[in-house]
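Data block below; observations after.
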Amino acid sequence: MMIEILGPGCFKCQKLEEVTKQAVSELGIDAFINHITDYNGITNRGIMITPALVVDGVVKVAGKVPSLEEVKIFLGK
Amino acid sequence: MDWKTEWKPLFWIVAIFLLLFYLPIGVPRFDNAVFEALYLVKWYAQEHVLLCLVPAFFIAGAIAVFVSQESVMKYLGPTANKAIAYGVSSVSGTILAVCSCTVLPLFSGIYRMGAGLGPATAFLYSGPAINVLAIVLTARVLGMEIGIARAVGAVVFSVVIGLAMHFIYRKEEVEKANAAMNMPEPEVKRALWKNIIYFASMIAILVFANWGKPVETSGFWYIMYNFKWVITGASSVLFAVVLVLWFELKWWKVLIAAAPVVALSIIIPDQPILAFSAGAIGLSVLTSTDKGETGGWFVSTWDFAKQILPLLLFGVLIAGFLLGRVGKEGVIPNEWVAWAVGGNSLWANFFAAISGAFMYFATLTEVPIVQGLIGSGMGKGPALALLLAGPALSLPSMLVIKSVIGWQKTIVYVILVVVMATITGMIFGALF
């Protein structure tokens with residue numbers, strides 16, 4: 001599973017990465033987490049409001065930090 | 001010993017040691033500056049935290065949670081009407097950019113996926129300057145007129161700068177991003193007018209709790225001042241009703257939270273700050289224990305407070321140390337400030353604008369710094385110039401902007417901002 005976290009390295013973006021890592025380890029899935037911080041990279045994925053979570057190319061959340069439970073649901077499929 | 005990794009702690013230990021070794025305790029200017037820093041931070045704690053910052057954090061948190069950013073962004077898409085795009089981008093900073101780190105991705109997105117360079121630049125300029133917290137604190141600490149001038153100046157000049165950028169680069173084709181704007185569909189949970197009443201009641205609480213005592217003892221402003229706590233109380237009741245009716249809070253919980261507020265305002269009516277604090281605590285308990293969207297509101301409010309308060313505390317201490325309180329001196333002599341940015345000359349405005357453009361201000365710290373500068377002899381025009389150029393630009397943000405639009409456009413943008421801020425400062429300084 002390819003998980004991308006988009007955000008320029010602000011407070012909320014780091015929080016999203018934290019939550020995602022925790023969700024991945026709690027679910028025990030095999031995933032590659034990539035934190036994309038450069039603006040062109042963020043824009044090329046169609047994201048304008050950060051932080052955003054992209055799973056296998058599908059945008060799951062943009063503009064807020066989801067809770068651990070929400071992230072688990074996003075990763076569950 | 002691995003010096004490759006250990007040089008950093010060594011460097012800091014030596015640096016702090018040298019600082020302490022040569023600490024100029026006993027030098028009157030230094031000792032005085034330390035006390036000025038403490039006096040200023042105490043004044044902020046007494047005057048600005050409870051009545052002003054706490055409600056402002058709740059409002060900023062509510063904006064982040066309850067205002068749908070997606071519904072704003074559709075006016076900034078590639079097919080949007082250009083005139084509307086400029087208008088929306090110049091004011092949407094109040095809604096979209098409560099956190100400064102959200103401005104740049106939005107800028108990049110509007111530029112490469114949406115309405116283009118002009119609206120993107122307008123947004124980039126106005127965003128940091130007109131966020132709710134910045135305007136509220138500016139108006140409260142530096143006075144109403146400079147607060148309003150900051151908001152209005154930022155909106156008007158963002159449109160001018162956006163149009164100028166669009167005009168200069170009108171022949172250029174942008175390499176559009178290879179993606180469509182990806183916006184989750186907004187969820188509509190309640191009618192717009194319900195949200196408006198909700199925000200209006202909170203803003204009324206903020207405004208009337210902070211209603212300043214006017215100089216004259218009659219007239220409209222004075223009557224409002226006399227009734228400020230009555231109006232604040234009425235707004236709070238409205239706010240509580242809104243929370244029960246439309247935000248799914250249990251009515252008995254709201255009543256329990258309101259009980260101490262009512263009790264305190266009856267028993268100790270001459271200390272309204274006690275009742276106000278009880279209200280803030282009650283609201284915090286009420287929302288933080290909720291699992292739904294009001295719970296999310298508290299989390300976002302708490303995030304703002306956690307992120308901004310330490311920065312502001314630090315900024316106030318530094319401003320107090322360097323510049324002192326109003327009418328007092330810190331480390332920097334008042335004559336230097338008066339020489340650089342005193343009066344309302346072209347030089348003073350330009351100097352304020354250009355130093356503001358390159359300096360980095362953490363969120364809200366521009367306010368105590370400008371306050372210190374005014375107290376040391378800065379003119380009102382240069383103060384506004386600094387506020388207009390400061391938060392919108394800094395050396396680090398220029399480097400990021402460059403990575404999106406290239407050096408040439410970045411330099412043009414910086415020049416436009418500095419020139420605009422200088423001119424606005426001069427006009428404001430001449431008027432007030």
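Residues in the structure tokens are numbered from 1 in each chain, the chains being A, B, ... in the order shown, and ligands are numbered from 1 in the order shown.
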
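Excluding Ile29 (chain A) and any residue on its chain fewer than 2 positions from it, the residues at most 12 Å away by only C-alpha atoms are Met1, Met2, Ile3, Thr20, Lys21, Gln22, Ala23, Val24, Ser25, Glu26, Leu27, Ala31, Phe32, Ile33, Lys72, Leu75, Gly76 and Lys77 of chain A.
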
Would you output that residue set with C-alpha atoms, as a CSV table (one decimal), in the first residue's frame?
```
chain,number,residue,atom,x,y,z
A,1,MET,CA,0.0,0.0,0.0
A,2,MET,CA,1.3,3.4,-0.9
A,3,ILE,CA,0.5,6.1,1.5
A,20,THR,CA,-0.9,7.5,10.1
A,21,LYS,CA,2.2,5.7,11.3
A,22,GLN,CA,0.3,4.7,14.4
A,23,ALA,CA,-2.6,3.4,12.4
A,24,VAL,CA,-0.3,1.5,10.1
A,25,SER,CA,1.4,-0.2,13.0
A,26,GLU,CA,-1.8,-1.0,14.8
A,27,LEU,CA,-3.4,-2.5,11.7
A,31,ALA,CA,2.7,0.2,3.7
A,32,PHE,CA,5.2,2.7,2.4
A,33,ILE,CA,4.7,6.1,3.9
A,72,LYS,CA,-7.8,3.2,10.2
A,75,LEU,CA,-6.4,2.2,5.3
A,76,GLY,CA,-8.8,-0.7,6.0
A,77,LYS,CA,-9.9,-1.1,2.4
```

Taking the DSSP secondary structure from the backbone, can you list the residues of chain A that are helix (DSSP H, G or I), as a JSON list (two decimals) with C-alpha atoms, in the first residue's frame?
```
[["chain", "number", "residue", "atom", "x", "y", "z"],
["A", 11, "PHE", "CA", 2.51, 21.32, 12.81],
["A", 12, "LYS", "CA", -0.67, 19.67, 11.52],
["A", 13, "CYS", "CA", 1.16, 17.81, 8.76],
["A", 14, "GLN", "CA", 3.50, 16.23, 11.26],
["A", 15, "LYS", "CA", 0.55, 15.28, 13.40],
["A", 16, "LEU", "CA", -1.06, 13.57, 10.41],
["A", 17, "GLU", "CA", 2.13, 11.60, 9.77],
["A", 18, "GLU", "CA", 2.20, 10.54, 13.42],
["A", 19, "VAL", "CA", -1.43, 9.39, 13.36],
["A", 20, "THR", "CA", -0.92, 7.55, 10.07],
["A", 21, "LYS", "CA", 2.17, 5.73, 11.30],
["A", 22, "GLN", "CA", 0.32, 4.68, 14.40],
["A", 23, "ALA", "CA", -2.63, 3.44, 12.35],
["A", 24, "VAL", "CA", -0.32, 1.47, 10.07],
["A", 25, "SER", "CA", 1.44, -0.21, 12.96],
["A", 26, "GLU", "CA", -1.80, -0.96, 14.81],
["A", 27, "LEU", "CA", -3.37, -2.49, 11.71],
["A", 39, "TYR", "CA", 4.70, 22.54, -3.21],
["A", 40, "ASN", "CA", 4.78, 21.40, -6.81],
["A", 41, "GLY", "CA", 4.49, 17.83, -5.66],
["A", 42, "ILE", "CA", 1.48, 18.75, -3.54],
["A", 43, "THR", "CA", -0.19, 20.69, -6.35],
["A", 44, "ASN", "CA", 0.45, 17.91, -8.87],
["A", 68, "LEU", "CA", -6.83, 7.61, 14.45],
["A", 69, "GLU", "CA", -10.11, 5.75, 13.95],
["A", 70, "GLU", "CA", -10.82, 7.61, 10.71],
["A", 71, "VAL", "CA", -7.35, 6.86, 9.37],
["A", 72, "LYS", "CA", -7.80, 3.18, 10.17],
["A", 73, "ILE", "CA", -11.00, 3.17, 8.12],
["A", 74, "PHE", "CA", -9.19, 4.82, 5.20],
["A", 75, "LEU", "CA", -6.44, 2.22, 5.35],
["A", 76, "GLY", "CA", -8.77, -0.70, 5.99]]
```

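With only C-alpha atoms as the atoms that count, the residue of B:Gly379, B:Gly406, B:Gly114, B:Gly295 with the shortest distance to Ile47 (chain A) is B:Gly114.
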
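The two atoms in question, CA of Leu19 (chain B) and CA of Leu395 (chain B), are spaced 26.8 Å apart.
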
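You will find CA of Glu172 (chain B) at 27.1 Å from CA of Pro128 (chain B).
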
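Within the 8 Å cut-off around Ile161 (chain B), using only C-alpha atoms and omitting residues fewer than 4 positions from it on the same chain, the listed residues are Gly118, Thr121, Ala122, Phe157, Met165, Tyr413, Leu416 and Val417 of chain B.
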
Taking all heavy atoms for each residue, export the selection above as a PDB file, in the first residue's frame.
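The file below, again_30.pdb, is the result:
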```pdb
ATOM      1  N   GLY B 118      -2.883  36.076 -11.068  1.00  0.00           N
ATOM      2  CA  GLY B 118      -3.422  37.266 -10.414  1.00  0.00           C
ATOM      3  C   GLY B 118      -4.149  36.959  -9.113  1.00  0.00           C
ATOM      4  O   GLY B 118      -3.745  37.424  -8.051  1.00  0.00           O
ATOM      5  N   THR B 121      -1.828  35.578  -6.438  1.00  0.00           N
ATOM      6  CA  THR B 121      -1.010  36.583  -5.762  1.00  0.00           C
ATOM      7  C   THR B 121      -1.849  37.391  -4.782  1.00  0.00           C
ATOM      8  O   THR B 121      -1.396  37.706  -3.678  1.00  0.00           O
ATOM      9  CB  THR B 121      -0.377  37.535  -6.786  1.00  0.00           C
ATOM     10  OG1 THR B 121       0.077  36.767  -7.886  1.00  0.00           O
ATOM     11  CG2 THR B 121       0.781  38.285  -6.175  1.00  0.00           C
ATOM     12  N   ALA B 122      -3.072  37.727  -5.189  1.00  0.00           N
ATOM     13  CA  ALA B 122      -3.958  38.466  -4.289  1.00  0.00           C
ATOM     14  C   ALA B 122      -4.165  37.688  -3.003  1.00  0.00           C
ATOM     15  O   ALA B 122      -4.103  38.240  -1.900  1.00  0.00           O
ATOM     16  CB  ALA B 122      -5.302  38.731  -4.976  1.00  0.00           C
ATOM     17  N   PHE B 157      -5.168  46.345  -1.343  1.00  0.00           N
ATOM     18  CA  PHE B 157      -3.906  46.238  -2.053  1.00  0.00           C
ATOM     19  C   PHE B 157      -3.640  44.844  -2.579  1.00  0.00           C
ATOM     20  O   PHE B 157      -2.873  44.680  -3.524  1.00  0.00           O
ATOM     21  CB  PHE B 157      -2.771  46.768  -1.193  1.00  0.00           C
ATOM     22  CG  PHE B 157      -2.750  48.270  -1.249  1.00  0.00           C
ATOM     23  CD1 PHE B 157      -3.437  49.017  -0.330  1.00  0.00           C
ATOM     24  CD2 PHE B 157      -2.104  48.903  -2.286  1.00  0.00           C
ATOM     25  CE1 PHE B 157      -3.468  50.389  -0.413  1.00  0.00           C
ATOM     26  CE2 PHE B 157      -2.135  50.277  -2.377  1.00  0.00           C
ATOM     27  CZ  PHE B 157      -2.816  51.028  -1.444  1.00  0.00           C
ATOM     28  N   MET B 165       0.326  41.915 -11.100  1.00  0.00           N
ATOM     29  CA  MET B 165       1.055  40.705 -11.485  1.00  0.00           C
ATOM     30  C   MET B 165       0.449  40.101 -12.746  1.00  0.00           C
ATOM     31  O   MET B 165       1.156  39.674 -13.661  1.00  0.00           O
ATOM     32  CB  MET B 165       1.009  39.662 -10.358  1.00  0.00           C
ATOM     33  CG  MET B 165       1.851  39.981  -9.163  1.00  0.00           C
ATOM     34  SD  MET B 165       3.616  40.009  -9.501  1.00  0.00           S
ATOM     35  CE  MET B 165       4.027  38.276  -9.458  1.00  0.00           C
ATOM     36  N   TYR B 413       7.084  40.511  -7.298  1.00  0.00           N
ATOM     37  CA  TYR B 413       6.080  40.494  -6.219  1.00  0.00           C
ATOM     38  C   TYR B 413       6.595  41.229  -4.977  1.00  0.00           C
ATOM     39  O   TYR B 413       5.889  42.064  -4.395  1.00  0.00           O
ATOM     40  CB  TYR B 413       5.718  39.045  -5.891  1.00  0.00           C
ATOM     41  CG  TYR B 413       4.838  38.885  -4.684  1.00  0.00           C
ATOM     42  CD1 TYR B 413       3.542  39.377  -4.680  1.00  0.00           C
ATOM     43  CD2 TYR B 413       5.310  38.251  -3.531  1.00  0.00           C
ATOM     44  CE1 TYR B 413       2.731  39.248  -3.562  1.00  0.00           C
ATOM     45  CE2 TYR B 413       4.499  38.109  -2.418  1.00  0.00           C
ATOM     46  CZ  TYR B 413       3.226  38.605  -2.443  1.00  0.00           C
ATOM     47  OH  TYR B 413       2.432  38.467  -1.330  1.00  0.00           O
ATOM     48  N   LEU B 416       6.580  44.907  -5.576  1.00  0.00           N
ATOM     49  CA  LEU B 416       5.211  45.429  -5.519  1.00  0.00           C
ATOM     50  C   LEU B 416       4.740  45.571  -4.071  1.00  0.00           C
ATOM     51  O   LEU B 416       4.164  46.594  -3.684  1.00  0.00           O
ATOM     52  CB  LEU B 416       4.256  44.495  -6.273  1.00  0.00           C
ATOM     53  CG  LEU B 416       4.206  44.633  -7.784  1.00  0.00           C
ATOM     54  CD1 LEU B 416       3.399  43.485  -8.385  1.00  0.00           C
ATOM     55  CD2 LEU B 416       3.576  45.962  -8.177  1.00  0.00           C
ATOM     56  N   VAL B 417       4.995  44.538  -3.255  1.00  0.00           N
ATOM     57  CA  VAL B 417       4.544  44.581  -1.855  1.00  0.00           C
ATOM     58  C   VAL B 417       5.211  45.742  -1.122  1.00  0.00           C
ATOM     59  O   VAL B 417       4.547  46.513  -0.427  1.00  0.00           O
ATOM     60  CB  VAL B 417       4.850  43.246  -1.138  1.00  0.00           C
ATOM     61  CG1 VAL B 417       4.648  43.391   0.366  1.00  0.00           C
ATOM     62  CG2 VAL B 417       3.961  42.139  -1.677  1.00  0.00           C
TER      63      VAL B 417
END
```

For Leu6 (chain A), the closest of B:Pro105, B:Leu317, B:Val215, B:Ile411 counting only C-alpha atoms is B:Pro105

As a check of understanding: the span from CA of Ala352 (chain B) to CA of Leu373 (chain B) is 10.4 Å

Check: Could you pull the residues within 9 Å of region 130-141 of chain B, counting only C-alpha atoms, minus those fewer than 5 positions along the same chain, as a PyMOL selection string?
Finding: chain B and resi 48+52-53+56-57+59-60+91-100+146-148+150-152+154-155+210+212+363-364+366-368+371

Near Lys328 (chain B), within 10 Å and counting only C-alpha atoms, which residues show up once chain neighbours fewer than 3 positions away are dropped, as a ChimeraX atom specification? /B:32-33,36,320,323-325,333-334,372,375-376

Using C-alpha atoms, can you write the selected residues to a file as a PDB file, in the first residue's frame?
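Result went into result_25.pdb, see below:
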```pdb
ATOM      1  CA  ASN B  32      16.107  47.727  32.847  1.00  0.00           C
ATOM      2  CA  ALA B  33      15.367  45.853  29.619  1.00  0.00           C
ATOM      3  CA  GLU B  36      10.618  45.926  30.759  1.00  0.00           C
ATOM      4  CA  GLY B 320       9.742  44.110  25.726  1.00  0.00           C
ATOM      5  CA  LEU B 323      11.978  48.075  22.903  1.00  0.00           C
ATOM      6  CA  GLY B 324      10.371  48.376  26.334  1.00  0.00           C
ATOM      7  CA  ARG B 325       6.809  49.379  27.169  1.00  0.00           C
ATOM      8  CA  PRO B 333      17.591  53.476  22.439  1.00  0.00           C
ATOM      9  CA  ASN B 334      14.459  55.352  21.406  1.00  0.00           C
ATOM     10  CA  GLY B 372       7.123  48.365  21.107  1.00  0.00           C
ATOM     11  CA  GLY B 375       6.162  53.239  22.022  1.00  0.00           C
ATOM     12  CA  SER B 376       9.750  54.019  21.075  1.00  0.00           C
TER      13      SER B 376
END
```

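Minimum atom-to-atom distance to chain A, evaluated using only C-alpha atoms, belongs to B:Ser108 out of B:Ser108, B:Thr79, B:Gln271, B:Asn226.
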
Closest of A:Gly46, A:Gly7, A:Gly28, A:Pro66 to chain B, counting only C-alpha atoms, is A:Gly46

| Got a sec to tell me which of chain A DSSP assigns to strand (DSSP E or B), as a list in words? | Met2, Ile3, Glu4, Ile5, Leu6, Phe32, Ile33, Asn34, His35, Ile36, Ala52, Leu53, Val54, Val55, Val58, Val59, Lys60, Val61 and Ala62 of chain A

Export of the given selection (all heavy atoms) as a short mmCIF file (atom, residue, chain, number, x, y, z; two decimals), in the first residue's frame:
```cif
data_model
loop_
_atom_site.label_atom_id
_atom_site.label_comp_id
_atom_site.auth_asym_id
_atom_site.auth_seq_id
_atom_site.Cartn_x
_atom_site.Cartn_y
_atom_site.Cartn_z
N MET A 2 0.52 2.19 -0.82
CA MET A 2 1.31 3.40 -0.94
C MET A 2 0.55 4.55 -0.24
O MET A 2 -0.52 4.95 -0.67
CB MET A 2 1.50 3.71 -2.43
CG MET A 2 2.21 5.02 -2.70
SD MET A 2 3.97 4.86 -2.38
CE MET A 2 4.50 6.51 -2.78
N ILE A 3 1.12 5.04 0.82
CA ILE A 3 0.46 6.13 1.54
C ILE A 3 1.28 7.41 1.36
O ILE A 3 2.49 7.42 1.59
CB ILE A 3 0.36 5.81 3.05
CG1 ILE A 3 -0.42 4.52 3.25
CG2 ILE A 3 -0.29 6.96 3.79
CD1 ILE A 3 -0.41 4.04 4.68
N GLU A 4 0.61 8.46 0.94
CA GLU A 4 1.31 9.74 0.80
C GLU A 4 0.71 10.76 1.76
O GLU A 4 -0.52 10.90 1.85
CB GLU A 4 1.20 10.25 -0.63
CG GLU A 4 2.05 9.43 -1.59
CD GLU A 4 1.76 9.81 -3.04
OE1 GLU A 4 0.59 10.02 -3.38
OE2 GLU A 4 2.71 9.88 -3.81
N ILE A 5 1.60 11.45 2.46
CA ILE A 5 1.15 12.53 3.32
C ILE A 5 1.65 13.83 2.69
O ILE A 5 2.84 13.99 2.43
CB ILE A 5 1.71 12.36 4.74
CG1 ILE A 5 1.00 11.19 5.40
CG2 ILE A 5 1.51 13.62 5.57
CD1 ILE A 5 1.76 10.59 6.51
N LEU A 6 0.70 14.72 2.42
CA LEU A 6 1.07 15.95 1.73
C LEU A 6 0.97 17.12 2.70
O LEU A 6 -0.06 17.33 3.34
CB LEU A 6 0.14 16.20 0.55
CG LEU A 6 -0.07 15.02 -0.40
CD1 LEU A 6 -1.05 15.39 -1.48
CD2 LEU A 6 1.24 14.59 -1.00
N PHE A 32 4.06 1.74 2.54
CA PHE A 32 5.19 2.65 2.38
C PHE A 32 4.66 4.07 2.57
O PHE A 32 3.76 4.51 1.85
CB PHE A 32 5.79 2.46 0.98
CG PHE A 32 6.91 3.42 0.70
CD1 PHE A 32 8.13 3.28 1.37
CD2 PHE A 32 6.74 4.46 -0.20
CE1 PHE A 32 9.15 4.17 1.12
CE2 PHE A 32 7.77 5.35 -0.44
CZ PHE A 32 8.98 5.21 0.21
N ILE A 33 5.18 4.78 3.57
CA ILE A 33 4.69 6.13 3.85
C ILE A 33 5.66 7.15 3.28
O ILE A 33 6.86 7.13 3.56
CB ILE A 33 4.53 6.36 5.37
CG1 ILE A 33 3.51 5.38 5.93
CG2 ILE A 33 4.09 7.80 5.63
CD1 ILE A 33 3.26 5.54 7.40
N ASN A 34 5.11 8.02 2.45
CA ASN A 34 5.94 9.04 1.82
C ASN A 34 5.40 10.42 2.20
O ASN A 34 4.25 10.74 1.92
CB ASN A 34 5.87 8.83 0.29
CG ASN A 34 6.87 9.69 -0.43
OD1 ASN A 34 7.74 10.31 0.20
ND2 ASN A 34 6.76 9.75 -1.74
N HIS A 35 6.22 11.23 2.84
CA HIS A 35 5.79 12.57 3.22
C HIS A 35 6.28 13.58 2.16
O HIS A 35 7.48 13.79 2.02
CB HIS A 35 6.36 12.92 4.60
CG HIS A 35 5.69 14.12 5.22
ND1 HIS A 35 5.44 14.20 6.56
CD2 HIS A 35 5.23 15.27 4.69
CE1 HIS A 35 4.86 15.36 6.84
NE2 HIS A 35 4.73 16.03 5.70
N ILE A 36 5.35 14.12 1.41
CA ILE A 36 5.72 15.03 0.33
C ILE A 36 5.62 16.47 0.82
O ILE A 36 4.55 16.93 1.22
CB ILE A 36 4.81 14.80 -0.89
CG1 ILE A 36 5.07 13.40 -1.43
CG2 ILE A 36 5.09 15.84 -1.98
CD1 ILE A 36 4.03 12.93 -2.37
N ALA A 52 -2.91 16.66 3.77
CA ALA A 52 -3.79 15.75 3.04
C ALA A 52 -3.22 14.35 3.09
O ALA A 52 -2.00 14.16 3.22
CB ALA A 52 -3.92 16.21 1.59
N LEU A 53 -4.13 13.38 3.02
CA LEU A 53 -3.74 11.98 3.07
C LEU A 53 -4.19 11.31 1.77
O LEU A 53 -5.36 11.35 1.42
CB LEU A 53 -4.40 11.30 4.28
CG LEU A 53 -4.12 9.82 4.48
CD1 LEU A 53 -2.66 9.58 4.84
CD2 LEU A 53 -5.03 9.26 5.57
N VAL A 54 -3.22 10.72 1.07
CA VAL A 54 -3.52 10.05 -0.20
C VAL A 54 -3.14 8.59 -0.06
O VAL A 54 -2.01 8.28 0.30
CB VAL A 54 -2.75 10.71 -1.37
CG1 VAL A 54 -3.03 9.96 -2.66
CG2 VAL A 54 -3.12 12.17 -1.50
N VAL A 55 -4.10 7.70 -0.32
CA VAL A 55 -3.83 6.27 -0.22
C VAL A 55 -3.98 5.65 -1.60
O VAL A 55 -5.05 5.73 -2.20
CB VAL A 55 -4.79 5.59 0.78
CG1 VAL A 55 -4.52 4.09 0.86
CG2 VAL A 55 -4.66 6.22 2.15
N VAL A 58 -5.58 7.82 -4.18
CA VAL A 58 -6.91 8.38 -3.92
C VAL A 58 -6.83 9.34 -2.73
O VAL A 58 -6.32 8.97 -1.67
CB VAL A 58 -7.94 7.27 -3.61
CG1 VAL A 58 -9.32 7.86 -3.38
CG2 VAL A 58 -7.96 6.25 -4.73
N VAL A 59 -7.33 10.55 -2.94
CA VAL A 59 -7.30 11.53 -1.86
C VAL A 59 -8.36 11.17 -0.83
O VAL A 59 -9.55 11.10 -1.14
CB VAL A 59 -7.57 12.96 -2.40
CG1 VAL A 59 -7.55 13.97 -1.26
CG2 VAL A 59 -6.55 13.33 -3.45
N LYS A 60 -7.94 10.95 0.40
CA LYS A 60 -8.89 10.56 1.45
C LYS A 60 -9.30 11.76 2.30
O LYS A 60 -10.46 11.90 2.68
CB LYS A 60 -8.26 9.49 2.36
CG LYS A 60 -7.96 8.20 1.66
CD LYS A 60 -9.25 7.50 1.24
CE LYS A 60 -8.93 6.12 0.66
NZ LYS A 60 -10.14 5.45 0.18
N VAL A 61 -8.34 12.59 2.64
CA VAL A 61 -8.63 13.75 3.48
C VAL A 61 -7.81 14.92 2.99
O VAL A 61 -6.66 14.76 2.61
CB VAL A 61 -8.23 13.49 4.96
CG1 VAL A 61 -8.45 14.75 5.78
CG2 VAL A 61 -9.01 12.36 5.55
N ALA A 62 -8.40 16.11 2.97
CA ALA A 62 -7.64 17.32 2.70
C ALA A 62 -8.08 18.40 3.67
O ALA A 62 -9.26 18.63 3.85
CB ALA A 62 -7.84 17.78 1.25
#
```

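Among the candidate residues B:Met113, B:Leu286, B:Ile273, B:Ala319, the one lying nearest to Val254 (chain B) is B:Leu286, with distances computed using only C-alpha atoms.
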